[in-house]
$ cat data-v8.cif   # mmCIF, C-alpha atoms and all ligand atoms
data_data
loop_
_atom_site.label_atom_id
_atom_site.label_comp_id
_atom_site.auth_asym_id
_atom_site.auth_seq_id
_atom_site.Cartn_x
_atom_site.Cartn_y
_atom_site.Cartn_z
CA MET A 1 -97.60 -4.99 69.89
CA LYS A 2 -98.45 -5.66 73.48
CA TYR A 3 -96.35 -8.11 75.40
CA GLN A 4 -97.66 -11.51 76.49
CA SER A 5 -95.84 -14.46 78.06
CA ASN A 6 -96.83 -17.96 79.14
CA ASN A 7 -95.55 -17.30 82.63
CA PHE A 8 -97.35 -15.75 85.58
CA GLU A 9 -94.38 -13.79 86.92
CA THR A 10 -93.66 -12.17 83.55
CA ASN A 11 -97.29 -11.32 82.77
CA ALA A 12 -97.69 -9.76 86.21
CA ILE A 13 -94.99 -7.29 85.20
CA HIS A 14 -95.36 -6.81 81.43
CA PHE A 15 -98.71 -8.03 80.11
CA GLY A 16 -100.74 -5.68 77.95
CA TYR A 17 -98.32 -2.75 77.94
CA ASN A 18 -96.01 -1.31 75.31
CA ALA A 19 -93.76 1.52 76.46
CA GLN A 20 -93.22 2.66 72.87
CA GLU A 21 -96.92 3.49 72.57
CA ASN A 22 -96.57 5.67 75.66
CA GLU A 23 -93.61 7.94 74.88
CA GLY A 24 -91.24 5.30 76.19
CA ALA A 25 -92.58 5.51 79.76
CA LEU A 26 -91.44 2.33 81.55
CA THR A 27 -94.33 2.59 84.00
CA PRO A 28 -97.81 2.95 82.52
CA PRO A 29 -99.20 6.48 82.80
CA VAL A 30 -102.02 7.11 85.26
CA HIS A 31 -104.98 8.62 83.43
CA PHE A 32 -106.25 11.15 85.94
CA THR A 33 -109.47 12.01 84.23
CA SER A 34 -113.13 11.59 84.99
CA THR A 35 -114.38 12.10 81.45
CA PHE A 36 -113.17 11.70 77.86
CA ALA A 37 -113.66 14.17 75.00
CA PHE A 38 -115.50 12.88 71.93
CA GLU A 39 -114.13 13.77 68.51
CA THR A 40 -117.67 14.49 67.35
CA ALA A 41 -121.10 14.34 68.96
CA GLN A 42 -121.94 11.35 66.75
CA VAL A 43 -118.94 9.41 68.11
CA GLY A 44 -120.18 10.06 71.66
CA GLY A 45 -123.64 8.80 70.73
CA GLU A 46 -122.21 5.67 69.17
CA MET A 47 -120.15 4.91 72.30
CA PHE A 48 -123.17 5.28 74.53
CA ALA A 49 -125.14 3.03 72.22
CA GLY A 50 -122.41 0.40 72.51
CA GLU A 51 -121.72 0.59 68.76
CA ARG A 52 -118.18 1.88 69.15
CA GLU A 53 -115.42 0.99 71.61
CA GLY A 54 -113.77 3.64 73.70
CA HIS A 55 -113.70 5.32 77.07
CA PHE A 56 -116.30 7.92 77.93
CA TYR A 57 -116.54 8.15 81.72
CA THR A 58 -114.30 6.71 84.44
CA ARG A 59 -117.14 5.10 86.41
CA ILE A 60 -117.46 2.76 83.40
CA SER A 61 -113.87 2.51 82.14
CA ASN A 62 -110.50 4.27 82.06
CA PRO A 63 -107.26 3.26 80.28
CA THR A 64 -105.36 2.76 83.56
CA LEU A 65 -108.13 0.55 84.93
CA SER A 66 -108.30 -1.32 81.62
CA LEU A 67 -104.63 -2.28 81.81
CA LEU A 68 -105.07 -3.59 85.36
CA GLU A 69 -108.18 -5.50 84.24
CA GLU A 70 -106.38 -7.11 81.28
CA ARG A 71 -103.51 -8.15 83.52
CA MET A 72 -105.80 -9.64 86.15
CA ALA A 73 -107.75 -11.55 83.50
CA ILE A 74 -104.60 -13.19 82.19
CA LEU A 75 -103.34 -13.99 85.70
CA GLU A 76 -106.67 -15.63 86.54
CA ARG A 77 -106.69 -17.44 83.17
CA ALA A 78 -109.97 -15.76 82.21
CA GLU A 79 -111.31 -13.62 79.37
CA SER A 80 -112.09 -10.42 81.13
CA ALA A 81 -112.01 -8.50 84.42
CA LEU A 82 -113.53 -5.49 86.13
CA ALA A 83 -111.87 -3.30 88.76
CA THR A 84 -113.97 -1.86 91.59
CA ALA A 85 -113.52 0.49 94.53
CA SER A 86 -113.42 -2.32 97.12
CA GLY A 87 -113.87 -6.05 97.51
CA MET A 88 -117.39 -5.34 98.74
CA GLY A 89 -117.88 -3.18 95.63
CA ALA A 90 -116.96 -6.22 93.52
CA ILE A 91 -119.29 -8.55 95.43
CA THR A 92 -122.26 -6.19 95.50
CA SER A 93 -121.86 -5.08 91.85
CA THR A 94 -121.79 -8.75 90.82
CA LEU A 95 -124.68 -10.02 92.92
CA TRP A 96 -126.95 -7.05 92.09
CA THR A 97 -126.39 -7.98 88.44
CA PHE A 98 -127.48 -11.62 88.68
CA LEU A 99 -130.15 -11.68 91.40
CA ARG A 100 -133.79 -10.54 91.38
CA PRO A 101 -136.65 -10.97 93.88
CA GLY A 102 -137.67 -14.64 93.97
CA ASP A 103 -134.20 -15.84 92.96
CA GLU A 104 -132.12 -18.10 95.17
CA ILE A 105 -128.45 -17.95 96.05
CA ILE A 106 -126.69 -20.85 97.72
CA VAL A 107 -123.69 -19.82 99.81
CA ASP A 108 -121.23 -21.57 102.04
CA LYS A 109 -121.87 -21.31 105.77
CA THR A 110 -118.63 -19.46 106.35
CA LEU A 111 -118.33 -16.07 104.71
CA TYR A 112 -116.44 -12.84 105.29
CA GLY A 113 -118.51 -10.74 107.73
CA CYS A 114 -119.64 -7.99 105.35
CA THR A 115 -120.49 -10.48 102.60
CA PHE A 116 -122.66 -12.32 105.11
CA SER A 117 -124.29 -9.06 106.14
CA PHE A 118 -124.92 -7.93 102.53
CA LEU A 119 -126.70 -11.23 101.87
CA ASN A 120 -128.59 -11.79 105.10
CA HIS A 121 -129.29 -8.27 106.21
CA GLY A 122 -129.29 -6.77 102.68
CA LEU A 123 -130.34 -8.84 99.64
CA ALA A 124 -132.68 -10.98 101.74
CA GLU A 125 -134.69 -7.81 102.46
CA PHE A 126 -135.16 -7.38 98.71
CA GLY A 127 -136.75 -10.77 98.19
CA VAL A 128 -133.70 -12.88 97.40
CA LYS A 129 -133.66 -16.25 99.16
CA VAL A 130 -130.26 -16.93 100.76
CA ILE A 131 -129.47 -20.55 101.55
CA HIS A 132 -126.48 -21.30 103.78
CA ILE A 133 -125.08 -24.80 103.54
CA ASP A 134 -121.78 -26.52 104.16
CA LEU A 135 -120.31 -26.62 100.64
CA SER A 136 -117.34 -28.65 101.77
CA ASP A 137 -119.93 -31.44 101.76
CA SER A 138 -120.87 -31.19 98.09
CA GLN A 139 -123.48 -33.95 98.28
CA GLY A 140 -125.57 -31.70 100.53
CA LEU A 141 -125.60 -29.16 97.72
CA LYS A 142 -127.57 -31.38 95.34
CA GLN A 143 -130.81 -31.26 97.30
CA HIS A 144 -130.77 -27.45 97.51
CA LEU A 145 -130.46 -26.73 93.77
CA THR A 146 -133.80 -25.59 92.36
CA LYS A 147 -135.13 -23.93 89.22
CA ASN A 148 -134.75 -20.60 91.03
CA THR A 149 -131.07 -21.03 91.88
CA ARG A 150 -129.06 -18.34 90.11
CA VAL A 151 -125.77 -18.21 92.03
CA VAL A 152 -123.58 -20.48 94.17
CA PHE A 153 -121.02 -18.46 96.13
CA PHE A 154 -118.14 -19.43 98.40
CA GLU A 155 -114.68 -18.59 99.67
CA THR A 156 -111.85 -21.09 99.75
CA PRO A 157 -110.07 -21.12 102.14
CA ALA A 158 -112.92 -19.40 103.97
CA ASN A 159 -112.46 -16.30 106.09
CA PRO A 160 -112.02 -16.82 109.01
CA ASN A 161 -112.05 -20.55 109.78
CA MET A 162 -109.88 -21.77 106.84
CA LYS A 163 -112.41 -24.29 105.59
CA LEU A 164 -111.81 -25.39 101.97
CA VAL A 165 -114.40 -26.10 99.28
CA ASP A 166 -113.70 -28.38 96.30
CA ILE A 167 -114.10 -25.95 93.39
CA ARG A 168 -114.06 -28.63 90.69
CA GLU A 169 -116.62 -30.84 92.38
CA VAL A 170 -119.05 -28.04 93.25
CA SER A 171 -118.78 -26.40 89.79
CA ALA A 172 -119.38 -29.71 88.00
CA MET A 173 -122.41 -30.54 90.13
CA VAL A 174 -123.95 -27.09 89.74
CA HIS A 175 -123.41 -26.93 85.98
CA GLU A 176 -124.71 -30.42 85.46
CA PHE A 177 -127.92 -29.25 87.10
CA ASN A 178 -128.07 -25.96 85.15
CA GLN A 179 -125.34 -24.41 82.96
CA ASP A 180 -126.64 -20.91 83.63
CA ILE A 181 -126.09 -20.90 87.39
CA ARG A 182 -123.05 -18.74 88.17
CA VAL A 183 -120.49 -20.39 90.43
CA ILE A 184 -118.68 -17.48 92.08
CA VAL A 185 -115.51 -17.93 94.14
CA ASP A 186 -114.08 -15.29 96.44
CA ASN A 187 -110.39 -16.01 95.81
CA THR A 188 -109.01 -13.30 98.10
CA TYR A 189 -107.10 -15.70 100.39
CA CYS A 190 -105.23 -17.38 97.52
CA SER A 191 -104.66 -14.55 95.05
CA PRO A 192 -104.34 -15.70 91.43
CA PHE A 193 -100.86 -16.99 92.19
CA LEU A 194 -102.07 -19.86 94.40
CA CYS A 195 -105.36 -20.79 92.76
CA ASN A 196 -107.31 -20.11 89.55
CA PRO A 197 -110.92 -21.16 90.24
CA ILE A 198 -112.03 -20.64 86.62
CA ALA A 199 -109.60 -23.35 85.52
CA PHE A 200 -111.52 -25.68 87.90
CA GLY A 201 -114.89 -24.77 86.39
CA ALA A 202 -116.03 -21.68 88.31
CA ASP A 203 -117.68 -18.87 86.33
CA LEU A 204 -116.60 -15.76 88.19
CA VAL A 205 -113.82 -14.95 90.62
CA ILE A 206 -113.85 -12.11 93.13
CA HIS A 207 -110.91 -10.48 94.85
CA SER A 208 -110.53 -7.97 97.59
CA ALA A 209 -107.48 -6.32 95.97
CA THR A 210 -106.99 -4.56 99.30
CA LYS A 211 -105.27 -7.73 100.47
CA TYR A 212 -102.54 -9.67 98.59
CA LEU A 213 -102.95 -7.95 95.20
CA GLY A 214 -102.21 -4.46 96.50
CA GLY A 215 -100.12 -6.15 99.14
CA HIS A 216 -98.93 -3.09 101.03
CA GLY A 217 -101.92 -2.07 103.14
CA ASP A 218 -102.22 1.30 101.43
CA LEU A 219 -105.43 1.02 99.42
CA VAL A 220 -108.93 -0.47 99.25
CA ALA A 221 -109.98 -2.08 95.95
CA GLY A 222 -111.68 -5.07 94.35
CA LEU A 223 -111.82 -7.10 91.14
CA VAL A 224 -114.23 -9.45 89.39
CA VAL A 225 -112.92 -11.85 86.75
CA GLY A 226 -114.90 -13.99 84.30
CA ASN A 227 -116.13 -14.29 80.74
CA LYS A 228 -116.62 -11.22 78.54
CA ASP A 229 -120.42 -11.17 78.60
CA ASP A 230 -120.74 -11.53 82.37
CA ILE A 231 -118.10 -8.89 83.04
CA GLN A 232 -119.75 -6.52 80.56
CA ALA A 233 -123.11 -7.07 82.27
CA ILE A 234 -121.61 -6.33 85.69
CA ARG A 235 -119.82 -3.26 84.32
CA LEU A 236 -122.86 -1.75 82.59
CA PHE A 237 -125.44 -2.51 85.28
CA GLY A 238 -124.04 -3.67 88.64
CA LEU A 239 -121.18 -1.20 88.68
CA LYS A 240 -122.48 1.67 86.53
CA ASP A 241 -126.03 1.86 87.89
CA MET A 242 -126.38 -0.16 91.08
CA THR A 243 -123.28 0.51 93.19
CA GLY A 244 -121.18 3.11 91.38
CA ALA A 245 -118.19 1.54 93.13
CA ALA A 246 -115.62 2.72 90.57
CA LEU A 247 -111.92 2.39 91.32
CA ALA A 248 -109.72 5.50 91.33
CA PRO A 249 -106.99 5.40 88.62
CA LEU A 250 -104.21 6.01 91.15
CA ASN A 251 -105.28 2.92 93.10
CA ALA A 252 -105.25 0.89 89.88
CA MET A 253 -101.64 1.97 89.42
CA LEU A 254 -100.79 0.94 93.00
CA ILE A 255 -102.34 -2.50 92.45
CA MET A 256 -100.26 -2.94 89.29
CA ARG A 257 -97.20 -2.09 91.34
CA GLY A 258 -98.27 -4.74 93.84
CA LEU A 259 -98.81 -7.31 91.08
CA LYS A 260 -95.18 -7.02 90.00
CA THR A 261 -94.04 -8.67 93.25
CA LEU A 262 -97.11 -10.86 93.87
CA ALA A 263 -95.36 -14.14 93.02
CA LEU A 264 -92.36 -13.34 95.19
CA ARG A 265 -94.49 -12.16 98.07
CA MET A 266 -96.83 -15.15 97.96
CA GLU A 267 -93.88 -17.55 98.04
CA ARG A 268 -92.54 -15.87 101.16
CA HIS A 269 -96.00 -15.61 102.78
CA CYS A 270 -96.39 -19.38 102.29
CA GLU A 271 -92.92 -20.18 103.58
CA ASN A 272 -93.28 -18.03 106.70
CA ALA A 273 -96.83 -19.20 107.43
CA LEU A 274 -95.88 -22.89 107.33
CA LYS A 275 -93.13 -22.28 109.88
CA VAL A 276 -95.48 -20.26 112.10
CA ALA A 277 -98.23 -22.90 111.85
CA LYS A 278 -95.80 -25.66 112.85
CA PHE A 279 -94.52 -23.58 115.74
CA LEU A 280 -98.04 -22.91 116.99
CA GLN A 281 -98.98 -26.56 116.65
CA SER A 282 -96.05 -27.59 118.82
CA HIS A 283 -96.65 -24.96 121.51
CA PRO A 284 -98.29 -26.33 124.69
CA SER A 285 -100.47 -23.22 125.09
CA VAL A 286 -102.09 -23.68 121.70
CA LYS A 287 -105.21 -25.82 121.51
CA GLU A 288 -105.81 -25.97 117.79
CA VAL A 289 -104.25 -24.63 114.59
CA SER A 290 -105.92 -24.47 111.17
CA TYR A 291 -103.54 -24.11 108.23
CA PRO A 292 -103.84 -25.85 104.84
CA GLY A 293 -100.15 -26.80 104.92
CA LEU A 294 -100.39 -28.91 108.09
CA SER A 295 -100.78 -32.60 107.29
CA SER A 296 -103.16 -32.87 110.27
CA PHE A 297 -105.50 -30.25 108.77
CA LYS A 298 -108.84 -31.60 107.63
CA TYR A 299 -108.57 -30.08 104.14
CA HIS A 300 -104.84 -30.68 103.58
CA ASN A 301 -105.34 -33.06 100.65
CA LEU A 302 -107.79 -30.76 98.91
CA ALA A 303 -105.39 -27.86 99.43
CA GLN A 304 -102.66 -29.87 97.70
CA GLN A 305 -105.00 -30.49 94.75
CA GLN A 306 -106.30 -26.99 94.15
CA MET A 307 -103.69 -24.63 95.64
CA LYS A 308 -100.16 -24.06 94.38
CA GLY A 309 -99.06 -23.19 97.92
CA PHE A 310 -100.77 -23.08 101.30
CA GLY A 311 -101.09 -19.31 101.70
CA GLY A 312 -100.33 -16.86 104.46
CA MET A 313 -103.44 -17.17 106.64
CA ILE A 314 -103.66 -19.16 109.88
CA THR A 315 -106.26 -19.42 112.59
CA PHE A 316 -105.70 -20.83 116.04
CA GLU A 317 -107.21 -21.16 119.48
CA VAL A 318 -105.33 -21.09 122.75
CA HIS A 319 -105.96 -22.78 126.09
CA GLY A 320 -107.60 -20.52 128.64
CA GLY A 321 -110.22 -19.31 126.18
CA LEU A 322 -110.89 -15.90 124.78
CA GLU A 323 -109.52 -14.04 127.80
CA ALA A 324 -106.08 -15.64 127.44
CA GLY A 325 -106.18 -15.05 123.68
CA ILE A 326 -106.88 -11.35 124.12
CA ALA A 327 -104.13 -11.03 126.74
CA MET A 328 -101.72 -12.73 124.34
CA MET A 329 -102.68 -10.34 121.52
CA ASN A 330 -102.09 -7.34 123.78
CA GLN A 331 -98.63 -8.62 124.68
CA LEU A 332 -97.36 -8.65 121.09
CA ASN A 333 -94.63 -6.15 120.23
CA MET A 334 -93.92 -6.42 116.50
CA ILE A 335 -97.08 -8.15 115.25
CA GLN A 336 -99.79 -5.55 114.72
CA ARG A 337 -103.31 -5.86 116.07
CA ALA A 338 -105.27 -5.01 112.92
CA VAL A 339 -107.91 -6.34 110.57
CA SER A 340 -107.24 -6.80 106.83
CA LEU A 341 -104.66 -9.28 105.58
CA GLY A 342 -102.07 -9.95 102.93
CA ASP A 343 -99.83 -7.05 103.92
CA ALA A 344 -96.06 -7.08 104.43
CA GLU A 345 -96.76 -6.64 108.15
CA THR A 346 -97.93 -9.61 110.21
CA LEU A 347 -101.46 -8.81 111.43
CA ILE A 348 -103.50 -10.43 114.16
CA GLN A 349 -107.18 -10.01 114.93
CA HIS A 350 -110.14 -11.55 116.71
CA PRO A 351 -112.94 -12.34 114.19
CA ALA A 352 -115.83 -12.59 116.68
CA SER A 353 -115.35 -9.01 117.91
CA MET A 354 -113.88 -7.54 114.71
CA THR A 355 -114.19 -8.75 111.08
CA HIS A 356 -117.11 -11.07 111.80
CA SER A 357 -118.99 -8.99 114.36
CA SER A 358 -121.67 -8.37 111.72
CA TYR A 359 -122.87 -11.90 112.52
CA THR A 360 -125.02 -12.07 115.66
CA PRO A 361 -123.51 -14.36 118.37
CA LYS A 362 -126.13 -16.96 117.48
CA GLU A 363 -125.27 -16.74 113.80
CA ARG A 364 -121.56 -17.10 114.55
CA LEU A 365 -122.25 -20.24 116.53
CA SER A 366 -124.25 -21.86 113.75
CA HIS A 367 -121.75 -20.76 111.10
CA GLY A 368 -118.68 -22.27 112.75
CA ILE A 369 -116.94 -19.09 113.94
CA SER A 370 -115.97 -19.76 117.52
CA ASP A 371 -115.47 -16.92 119.99
CA GLY A 372 -111.94 -18.03 120.82
CA LEU A 373 -110.72 -18.03 117.22
CA ILE A 374 -107.68 -15.83 116.50
CA ARG A 375 -106.73 -14.98 112.93
CA LEU A 376 -103.16 -14.36 111.86
CA SER A 377 -102.05 -12.92 108.52
CA VAL A 378 -98.41 -13.93 108.34
CA GLY A 379 -96.32 -11.16 106.82
CA LEU A 380 -92.98 -10.83 105.10
CA GLU A 381 -90.77 -10.01 108.09
CA SER A 382 -87.98 -12.38 109.09
CA VAL A 383 -89.81 -15.43 110.37
CA ASP A 384 -87.48 -15.45 113.38
CA ASP A 385 -88.97 -12.18 114.58
CA ILE A 386 -92.54 -13.40 114.02
CA LEU A 387 -91.85 -16.59 115.98
CA MET A 388 -90.06 -14.74 118.78
CA ASP A 389 -92.95 -12.30 119.22
CA LEU A 390 -95.57 -15.06 119.30
CA LYS A 391 -93.49 -17.14 121.68
CA GLN A 392 -92.99 -14.41 124.28
CA ALA A 393 -96.68 -13.47 124.15
CA LEU A 394 -97.87 -17.09 124.48
CA ASN A 395 -95.41 -17.86 127.27
CA CYS A 396 -96.42 -14.73 129.14
CA CYS A 397 -100.18 -14.89 128.94
CA VAL A 398 -101.54 -18.31 128.07
CA PRO A 399 -101.66 -21.32 130.36
CA ALA A 400 -100.16 -24.48 128.96
CA SER A 401 -102.37 -27.53 129.03
CA LEU A 402 -100.57 -30.13 131.11
CA ASP A 403 -101.70 -33.11 129.07
CA ASP A 404 -100.90 -31.27 125.91
CA LYS A 405 -97.52 -30.27 127.21
CA THR A 406 -96.47 -33.81 128.02
CA ASP A 407 -97.79 -35.04 124.68
CA LYS A 408 -96.08 -32.31 122.74
CA LEU A 409 -92.82 -32.54 124.65
CA ALA A 410 -92.79 -36.28 124.08
CA SER A 411 -93.41 -35.92 120.39
CA ALA A 412 -90.80 -33.14 120.16
CA GLU A 413 -88.26 -35.47 121.77
CA LEU A 414 -89.14 -38.25 119.37
CA ALA A 415 -88.73 -35.89 116.42
C1 LIG B 501 -111.56 -8.20 102.94
C2 LIG B 501 -112.40 -9.20 102.27
C3 LIG B 501 -113.49 -8.81 101.50
C4 LIG B 501 -113.94 -7.38 101.38
O1 LIG B 501 -113.01 -6.60 100.69
P1 LIG B 501 -112.84 -5.01 100.91
O2 LIG B 501 -111.75 -4.66 99.94
O3 LIG B 501 -112.48 -4.80 102.33
O4 LIG B 501 -114.14 -4.39 100.56
C5 LIG B 501 -114.21 -9.78 100.85
N1 LIG B 501 -113.89 -11.09 100.95
C6 LIG B 501 -112.84 -11.51 101.68
C7 LIG B 501 -112.52 -12.97 101.77
C8 LIG B 501 -112.06 -10.58 102.37
O5 LIG B 501 -111.03 -11.00 103.12
#
$ encode --input "data-v8.cif" --output "structure tokens"
Amino acid sequence: MKYQSNNFETNAIHFGYNAQENEGALTPPVHFTSTFAFETAQVGGEMFAGEREGHFYTRISNPTLSLLEERMAILERAESALATASGMGAITSTLWTFLRPGDEIIVDKTLYGCTFSFLNHGLAEFGVKVIHIDLSDSQGLKQHLTKNTRVVFFETPANPNMKLVDIREVSAMVHEFNQDIRVIVDNTYCSPFLCNPIAFGADLVIHSATKYLGGHGDLVAGLVVGNKDDIQAIRLFGLKDMTGAALAPLNAMLIMRGLKTLALRMERHCENALKVAKFLQSHPSVKEVSYPGLSSFKYHNLAQQQMKGFGGMITFEVHGGLEAGIAMMNQLNMIQRAVSLGDAETLIQHPASMTHSSYTPKERLSHGISDGLIRLSVGLESVDDILMDLKQALNCCVPASLDDKTDKLASAELA
């Protein structure tokens, strides 16, 4: 018997494993093997023909990866999952499976830099039509759906500008037009703890497991979650033949270790980030803060509807433009200047010159990624230390807007 609970926290620790079937080992063994011996040649033939279940080569499946996949499926409230060597491995394996020359994919205007590049500088060169629209305005979507549309893809909240898309509304509209169009959500920013897009009508969910799932900044990995048939198609074509982006068993084990504390970590990420966002909002050197938990944020209501918490990611802009922002970043002591996100360490980076530099400056402008934007992944340190570091760096390097200062001081006094 394999253990299953109704609760996220318990499944993240126990689901799908029985120590007694594994010599009592509390922690699942890591199957360090590339290939699997067949009992007879006929058995091997039957596995290759898909007539018999079993593992035969680790690029396709491996028991350690299977356990991670089963756990992720249950946490995302889906049938099935597939582990890959990176988030980009998950995205490319999936899209190569469902798109052919002449097909159309509708994507949100704001996408992670490498996803944008794969679509615009990659798939587009192979005859796939890529249509960028603002999916937070779902009415605009209607006029772009055609008989050639195969996939609708978005992130929510989007990397880097924190824009949210209404998963339920978009999925309903797309499926009303054509059941077979895959609605794919990159759920990296939320992790399955904060949002389950499939429960809102999406077909497939993608994760960069490098981020919150691994959670410790020590690996690169990805996952795709969805129904059995889609996942099997991605496994046997997109992953096996098109990308070969297979995950190493040791990394699967490290992700399962991360999953055990995912709920706890996400709660603390959310708690710390809300405090940091409020601090930034009240600071006279800060021009604008985007965080789903701020009641002033454009997508706050939607965040309350489709997220269980507001997450650990914040973007902000300071007065004095990019130059002041860069000076502020260089002044930080504890907060690390690094890309990636979802780690225990608080990380800060500048999308225009780093994660989103695969957009041309013109593309960034038309896709809503301003040059002054600074992205913060709020970590698990004491929030007092995070606030202190930000405060000294802002006070040192960024001019305070006078109007803003008076306004903010006045409202601080009132509060
Ligand atoms: C990091 C990231 C990716 C890419 O994942 P890798 O594991 O780095 O390949 C994709 N989407 C989002 C939203 C990300 O933040």
$ closest_atom_pairs --input "data-v8.cif" --of "chain A" --to "ligand LIG 501 (chain B)" --cutoff "10 Å" --atoms "only C-alpha atoms and all ligand atoms" --output "tab-separated table"
residue	atom	partner	partner_atom	distance
A:Thr84	CA	B:LIG501	O2	9.1
A:Ala85	CA	B:LIG501	O2	7.7
A:Ser86	CA	B:LIG501	O2	4.0
A:Gly87	CA	B:LIG501	O1	3.3
A:Met88	CA	B:LIG501	O4	3.8
A:Gly89	CA	B:LIG501	O4	6.3
A:Ala90	CA	B:LIG501	O4	7.8
A:Ile91	CA	B:LIG501	C5	7.5
A:Thr92	CA	B:LIG501	O4	9.7
A:Leu111	CA	B:LIG501	C7	7.2
A:Tyr112	CA	B:LIG501	C6	5.3
A:Gly113	CA	B:LIG501	C5	8.2
A:Cys114	CA	B:LIG501	C4	7.0
A:Thr115	CA	B:LIG501	C5	6.6
A:Phe116	CA	B:LIG501	N1	9.8
A:Phe154	CA	B:LIG501	C7	9.2
A:Glu155	CA	B:LIG501	C7	6.4
A:Thr156	CA	B:LIG501	C7	8.4
A:Pro157	CA	B:LIG501	C7	8.5
A:Ala158	CA	B:LIG501	C7	6.8
A:Asn159	CA	B:LIG501	C7	5.5
A:Pro160	CA	B:LIG501	C7	8.2
A:Val185	CA	B:LIG501	C7	9.6
A:Asp186	CA	B:LIG501	C7	6.0
A:Asn187	CA	B:LIG501	C7	7.0
A:Thr188	CA	B:LIG501	C7	5.1
A:Tyr189	CA	B:LIG501	C7	6.2
A:Cys190	CA	B:LIG501	C7	9.5
A:Ile206	CA	B:LIG501	N1	7.9
A:His207	CA	B:LIG501	N1	6.8
A:Ser208	CA	B:LIG501	O1	4.2
A:Ala209	CA	B:LIG501	O2	6.1
A:Thr210	CA	B:LIG501	O2	4.8
A:Lys211	CA	B:LIG501	C1	6.8
A:Tyr212	CA	B:LIG501	O5	9.7
A:Leu219	CA	B:LIG501	O2	8.5
A:Val220	CA	B:LIG501	O2	5.1
A:Ala221	CA	B:LIG501	O2	5.1
A:Gly222	CA	B:LIG501	O2	5.6
A:Leu223	CA	B:LIG501	O2	9.1
A:Val339	CA	B:LIG501	C1	8.7
A:Ser340	CA	B:LIG501	C1	6.0
A:Leu341	CA	B:LIG501	O5	7.0
A:Gly342	CA	B:LIG501	O5	9.0
A:Thr355	CA	B:LIG501	C1	8.6
$ atom_distance --input "data-v8.cif" --atom1 "CA of Ser34 in chain A" --atom2 "CA of Thr243 in chain A"
17.1 Å
$ closest_residue --input "data-v8.cif" --among "A:Ser401, A:Asn178, A:Ser5, A:Gln304" --to "Lys287 in chain A" --atoms "all atoms listed in the file"
A:Ser401
$ closest_residue --input "data-v8.cif" --among "A:Met72, A:Ala245, A:Ala202, A:Met328" --to "Gln349 in chain A" --atoms "all atoms listed in the file"
A:Met328
$ closest_residue --input "data-v8.cif" --among "A:Thr97, A:Ser357, A:Ser136, A:Asn7" --to "Ile74 in chain A" --atoms "all atoms listed in the file"
A:Asn7
$ residues_around --input "data-v8.cif" --residues "Leu123 in chain A" --least-positions-apart "4" --cutoff "9 Å" --atoms "all atoms listed in the file" --output "number ranges by chain"
A: 95-96, 99, 101, 117-119, 127-130
$ closest_residue --input "data-v8.cif" --among "A:Met47, A:Leu82, A:Val165, A:Ala73" --to "Ala246 in chain A" --atoms "only C-alpha atoms"
A:Leu82
$ atom_distance --input "data-v8.cif" --atom1 "CA of Tyr359 in chain A" --atom2 "CA of Ala338 in chain A"
18.9 Å
$ residues_around --input "data-v8.cif" --residues "Glu104 in chain A" --least-positions-apart "4" --cutoff "9 Å" --atoms "all atoms listed in the file" --output "ChimeraX atom specification"
/A:99-100,128-131,145-152
$ atom_distance --input "data-v8.cif" --atom1 "CA of Ile184 in chain A" --atom2 "CA of Leu204 in chain A"
4.7 Å
$ closest_atom_pairs --input "data-v8.cif" --of "range 242-282 of chain A" --to "range 371-390 of chain A" --cutoff "7 Å" --atoms "only C-alpha atoms" --output "Markdown table"
| residue | atom | partner | partner_atom | distance |
| --- | --- | --- | --- | --- |
| A:Arg268 | CA | A:Leu380 | CA | 6.4 |
| A:His269 | CA | A:Gly379 | CA | 6.0 |
| A:Asn272 | CA | A:Val383 | CA | 5.7 |
| A:Ala273 | CA | A:Val378 | CA | 5.6 |
| A:Val276 | CA | A:Leu387 | CA | 6.5 |
$ residues_around --input "data-v8.cif" --residues "range 225-239 of chain A" --least-positions-apart "5" --cutoff "6 Å" --atoms "all atoms listed in the file" --output "PyMOL selection string"
chain A and resi 78-81+93-94+96-97+203-205+244
$ write_last_selection --input "data-v8.cif" --atoms "C-alpha atoms" --output "short mmCIF file (atom, residue, chain, number, x, y, z; two decimals), in the frame of the given file"
data_model
loop_
_atom_site.label_atom_id
_atom_site.label_comp_id
_atom_site.auth_asym_id
_atom_site.auth_seq_id
_atom_site.Cartn_x
_atom_site.Cartn_y
_atom_site.Cartn_z
CA ALA A 78 -109.97 -15.76 82.21
CA GLU A 79 -111.31 -13.62 79.37
CA SER A 80 -112.09 -10.42 81.13
CA ALA A 81 -112.01 -8.50 84.42
CA SER A 93 -121.86 -5.08 91.85
CA THR A 94 -121.79 -8.75 90.82
CA TRP A 96 -126.95 -7.05 92.09
CA THR A 97 -126.39 -7.98 88.44
CA ASP A 203 -117.68 -18.87 86.33
CA LEU A 204 -116.60 -15.76 88.19
CA VAL A 205 -113.82 -14.95 90.62
CA GLY A 244 -121.18 3.11 91.38
#
$ residues_around --input "data-v8.cif" --residues "Phe310 in chain A" --least-positions-apart "4" --cutoff "8 Å" --atoms "all atoms listed in the file" --output "PyMOL selection string"
chain A and resi 194+270+274+291-293+303-304
$ closest_residue --input "data-v8.cif" --among "A:Glu288, A:Glu39, A:Asp343, A:Asp137" --to "Gly312 in chain A" --atoms "all atoms listed in the file"
A:Asp343
$ closest_atom_pairs --input "data-v8.cif" --of "range 167-207 of chain A" --to "range 253-260 of chain A" --cutoff "12 Å" --atoms "all atoms listed in the file" --output "Markdown table"
| residue | atom | partner | partner_atom | distance |
| --- | --- | --- | --- | --- |
| A:Ser191 | CA | A:Leu259 | CA | 10.1 |
| A:Pro192 | CA | A:Leu259 | CA | 10.1 |
| A:Phe193 | CA | A:Leu259 | CA | 10.0 |
| A:His207 | CA | A:Ile255 | CA | 12.0 |
